[in-house]
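Structure data (compact mmCIF, C-alpha atoms) from structure-v4.txt:
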```txt
# COMPACT_ATOMS: atom_id res chain seq x y z
CA MET K 1 14.72 -62.02 6.15
CA THR K 2 13.40 -64.09 9.06
CA LEU K 3 9.96 -65.68 9.06
CA ALA K 4 8.27 -64.86 12.37
CA PRO K 5 5.00 -66.77 12.71
CA HIS K 6 2.91 -65.73 15.66
CA VAL K 7 -0.51 -66.22 17.22
CA HIS K 8 -2.88 -63.65 18.67
CA LEU K 9 -5.10 -64.58 21.61
CA LEU K 10 -7.66 -62.62 23.58
CA ALA K 11 -8.10 -63.73 27.18
CA ALA K 12 -10.85 -62.61 29.54
CA GLN K 13 -9.92 -60.47 32.52
CA GLY K 14 -12.47 -62.27 34.64
CA VAL K 15 -15.39 -64.68 34.82
CA TRP K 16 -19.01 -64.50 35.89
CA ASN K 17 -19.94 -66.69 38.87
CA ASP K 18 -23.62 -66.68 39.94
CA GLY K 19 -24.11 -63.16 38.59
CA VAL K 20 -20.95 -61.80 40.22
CA PHE K 21 -17.96 -60.78 38.10
CA MET K 22 -14.74 -62.18 39.52
CA GLU K 23 -11.63 -60.43 38.16
CA LEU K 24 -8.73 -62.69 37.34
CA PRO K 25 -5.17 -61.58 38.08
CA PRO K 26 -2.82 -61.08 35.14
CA PRO K 27 -0.59 -64.07 34.41
CA SER K 28 2.70 -64.33 36.26
CA PRO K 29 5.97 -64.51 34.29
CA GLU K 30 6.16 -68.21 35.23
CA GLU K 31 2.66 -68.86 33.84
CA VAL K 32 3.54 -67.09 30.58
CA GLU K 33 6.68 -69.20 30.29
CA GLY K 34 4.62 -72.35 31.00
CA VAL K 35 2.15 -71.51 28.21
CA LEU K 36 5.00 -70.96 25.75
CA LYS K 37 6.65 -74.23 26.81
CA ARG K 38 3.41 -76.21 26.30
CA MET K 39 2.83 -74.53 22.94
CA LEU K 40 6.34 -75.44 21.75
CA GLU K 41 5.93 -79.04 22.91
CA ARG K 42 2.89 -79.27 20.64
CA LEU K 43 4.53 -77.45 17.70
CA LEU K 44 7.82 -79.36 17.64
CA PRO K 45 6.34 -82.54 16.08
CA ASP K 46 4.72 -80.42 13.33
CA PHE K 47 8.04 -78.75 12.53
CA GLU K 48 9.82 -82.10 12.45
CA SER K 49 7.18 -83.82 10.27
CA ARG K 50 7.36 -81.01 7.70
CA GLN K 51 11.16 -80.94 7.85
CA VAL K 52 11.12 -77.26 8.80
CA ARG K 53 14.35 -75.98 10.29
CA TRP K 54 13.89 -75.36 14.01
CA PRO K 55 15.37 -72.02 15.15
CA GLU K 56 18.74 -72.16 16.86
CA ASP K 57 18.08 -71.64 20.55
CA GLU K 58 20.87 -69.35 21.71
CA TYR K 59 21.32 -67.29 18.56
CA GLU K 60 17.58 -66.70 18.07
CA ALA K 61 17.07 -65.84 21.75
CA LEU K 62 19.93 -63.34 21.52
CA GLN K 63 18.31 -61.79 18.44
CA ALA K 64 14.97 -61.51 20.24
CA ARG K 65 16.54 -59.87 23.27
CA SER K 66 18.52 -57.40 21.18
CA ALA K 67 15.51 -56.45 19.05
CA GLN K 68 13.30 -55.83 22.07
CA SER K 69 15.72 -53.83 24.19
CA ARG K 70 16.59 -50.16 23.94
CA LEU K 71 20.12 -49.00 24.51
CA PRO K 72 20.31 -46.73 27.58
CA LEU K 73 21.93 -43.44 26.71
CA ASP K 74 24.04 -41.48 29.23
CA ASP K 75 21.28 -38.99 30.00
CA GLU K 76 18.31 -41.37 30.24
CA PRO K 77 17.71 -44.27 32.62
CA ALA K 78 17.36 -47.79 31.28
CA PRO K 79 13.69 -48.70 30.70
CA ALA K 80 12.11 -51.08 33.17
CA ARG K 81 11.77 -54.60 31.80
CA ARG K 82 8.19 -55.76 31.63
CA GLY K 83 7.59 -59.08 33.33
CA ARG K 84 5.20 -60.98 31.10
CA LEU K 85 7.49 -61.89 28.21
CA ALA K 86 8.86 -65.39 27.69
CA VAL K 87 11.54 -66.34 25.13
CA MET K 88 12.30 -69.97 24.40
CA MET K 89 13.77 -71.90 21.45
CA GLY K 90 13.67 -68.80 19.25
CA PHE K 91 10.00 -68.05 19.97
CA SER K 92 8.53 -65.40 22.24
CA LEU K 93 5.22 -64.94 24.03
CA HIS K 94 4.23 -61.41 24.99
CA ALA K 95 1.38 -61.11 27.53
CA ASP K 96 1.51 -57.45 28.60
CA THR K 97 -1.10 -55.88 26.33
CA ALA K 98 -4.39 -55.05 28.04
CA THR K 99 -7.28 -52.62 27.85
CA SER K 100 -9.21 -51.14 30.75
CA ALA K 101 -12.65 -52.55 31.52
CA ASN K 102 -14.57 -49.66 29.95
CA ASP K 103 -12.31 -48.94 26.96
CA ARG K 104 -14.56 -50.27 24.18
CA ALA K 105 -12.62 -48.45 21.44
CA GLY K 106 -9.32 -49.88 22.73
CA LEU K 107 -10.81 -53.37 22.88
CA ALA K 108 -12.18 -53.03 19.33
CA GLN K 109 -8.75 -51.93 18.07
CA LEU K 110 -7.07 -54.86 19.84
CA VAL K 111 -9.60 -57.30 18.33
CA ARG K 112 -9.11 -55.87 14.82
CA TYR K 113 -5.34 -56.20 15.19
CA GLY K 114 -5.62 -59.82 16.34
CA ALA K 115 -8.14 -60.76 13.65
CA ARG K 116 -6.16 -59.47 10.68
CA GLY K 117 -4.85 -62.00 8.22
CA PRO K 118 -1.23 -63.13 8.05
CA ILE K 119 -0.81 -61.81 4.50
CA ALA K 120 -1.75 -58.32 3.35
CA GLU K 121 -3.44 -58.95 0.01
CA SER K 122 -2.54 -55.44 -1.13
CA ARG K 123 1.15 -56.46 -1.01
CA LEU K 124 0.67 -59.69 -2.97
CA SER K 125 0.74 -59.85 -6.78
CA ARG K 126 0.92 -62.60 -9.37
CA ARG K 127 3.85 -62.44 -11.76
CA SER K 128 3.70 -63.31 -15.47
CA ASP K 129 5.69 -66.54 -14.84
CA GLY K 130 3.00 -67.86 -12.45
CA ARG K 131 4.94 -67.12 -9.28
CA PHE K 132 3.80 -64.68 -6.61
CA ALA K 133 5.59 -61.56 -5.38
CA TYR K 134 5.05 -60.29 -1.85
CA GLU K 135 6.32 -56.79 -0.98
CA THR K 136 7.27 -56.57 2.71
CA LYS K 137 7.03 -53.44 4.86
CA LYS K 138 10.80 -53.07 4.65
CA GLY K 139 10.73 -53.02 0.85
CA VAL K 140 12.04 -56.55 0.32
CA THR K 141 10.18 -58.51 -2.35
CA LEU K 142 9.72 -62.22 -1.72
CA VAL K 143 9.08 -64.35 -4.82
CA LEU K 144 7.21 -67.59 -4.13
CA THR K 145 5.89 -70.48 -6.16
CA PRO K 146 2.28 -71.60 -5.64
CA SER K 147 3.58 -74.74 -3.90
CA SER K 148 5.38 -72.54 -1.33
CA TRP K 149 1.99 -71.51 0.08
```
As a first step, turn the structure in this file into structure tokens.
Amino acid sequence: MTLAPHVHLLAAQGVWNDGVFMELPPPSPEEVEGVLKRMLERLLPDFESRQVRWPEDEYEALQARSAQSRLPLDDEPAPARRGRLAVMMGFSLHADTATSANDRAGLAQLVRYGARGPIAESRLSRRSDGRFAYETKKGVTLVLTPSSW
């Protein structure tokens, strides 16, 4: 099982300037890649100071590409690749999710998704030996000591 930490971020689609709303264009693929690069430059020292194994660049990137691509079958065309996805050093940054300006329900759903915690408490239980068991969506149970948290 691979640990896949990730961050959720909501970005405004525009700004107010003297009472006039100015819509901002979506980020370019180069801007998305630049954000990921800056984020990794800041994370690398934290990984090194905690002696956490840094993902292997080529192998992890290959895994990410294979997991995010569909195989084109003979009778269906290959899906168009979306442009705002950056993959670097085993990490990815996806910037293609958006809601329309008046879709309040869609925005609320997106906010709830981004605000959820990293651990589903309903999947976590304490074992009799003091360790914790975490049941993943795929049915794998991870057993952790309190110091692992």
query: From the list K:Leu142, K:Val32, K:Leu24, K:Ala86, which residue is nearest K:Arg127 when using only C-alpha atoms?
result: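 Using only C-alpha atoms, the shortest distance to K:Arg127 belongs to K:Leu142.
With atom CA of K:Pro29 on one side and atom CA of K:Tyr113 on the other, the separation reads 23.7 Å.
Across the model, the gap from atom CA of K:Glu30 to atom CA of K:Ala101 is 24.8 Å.
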query: Rounded to one decimal in Å, what is the spacing between atom CA of K:Trp16 and atom CA of K:Leu85?
result: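 Atom-to-atom, atom CA of K:Trp16 to atom CA of K:Leu85, that is 27.7 Å.
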query: Which one of K:Thr145, K:Pro27, K:Met22, K:Asn17 sits closest to K:Ala95 if you count all atoms listed in the file?
result: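 Among the listed residues, the smallest separation from K:Ala95 belongs to K:Pro27.
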message: Please determine, counting all atoms listed in the file, which residue among K:Val143, K:Gly130, K:Leu124, K:Met89 has the shortest atom-to-atom distance to K:Glu41.
response: K:Met89
- prompt: Of the candidates K:Ala120, K:Thr99, K:Ala133, K:Phe91, which one gets nearest to K:Leu44 if we count all atoms listed in the file?
  reply: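 Nearest to K:Leu44: K:Phe91.
Using all atoms listed in the file, the protein and nucleic acid residues lying at most 10 Å from the point (-4.7, -56.1, 24.3) are His8, Leu9, Leu10, Ala11, Ala95, Asp96, Thr97, Ala98, Thr99, Ser100, Gly106, Leu107, Ala108, Gln109, Leu110, Val111, Tyr113 and Gly114 of chain K.
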How big is the axis-aligned box, and where does its centre sit, when it encloses all atoms of stretch 22-33 of chain K listed in the file and has 4 Å added on every side, reported in Å to one decimal as AutoDock Vina command-line options?
```
--center_x -4.0 --center_y -64.8 --center_z 34.9 --size_x 29.4 --size_y 16.8 --size_z 17.2
```
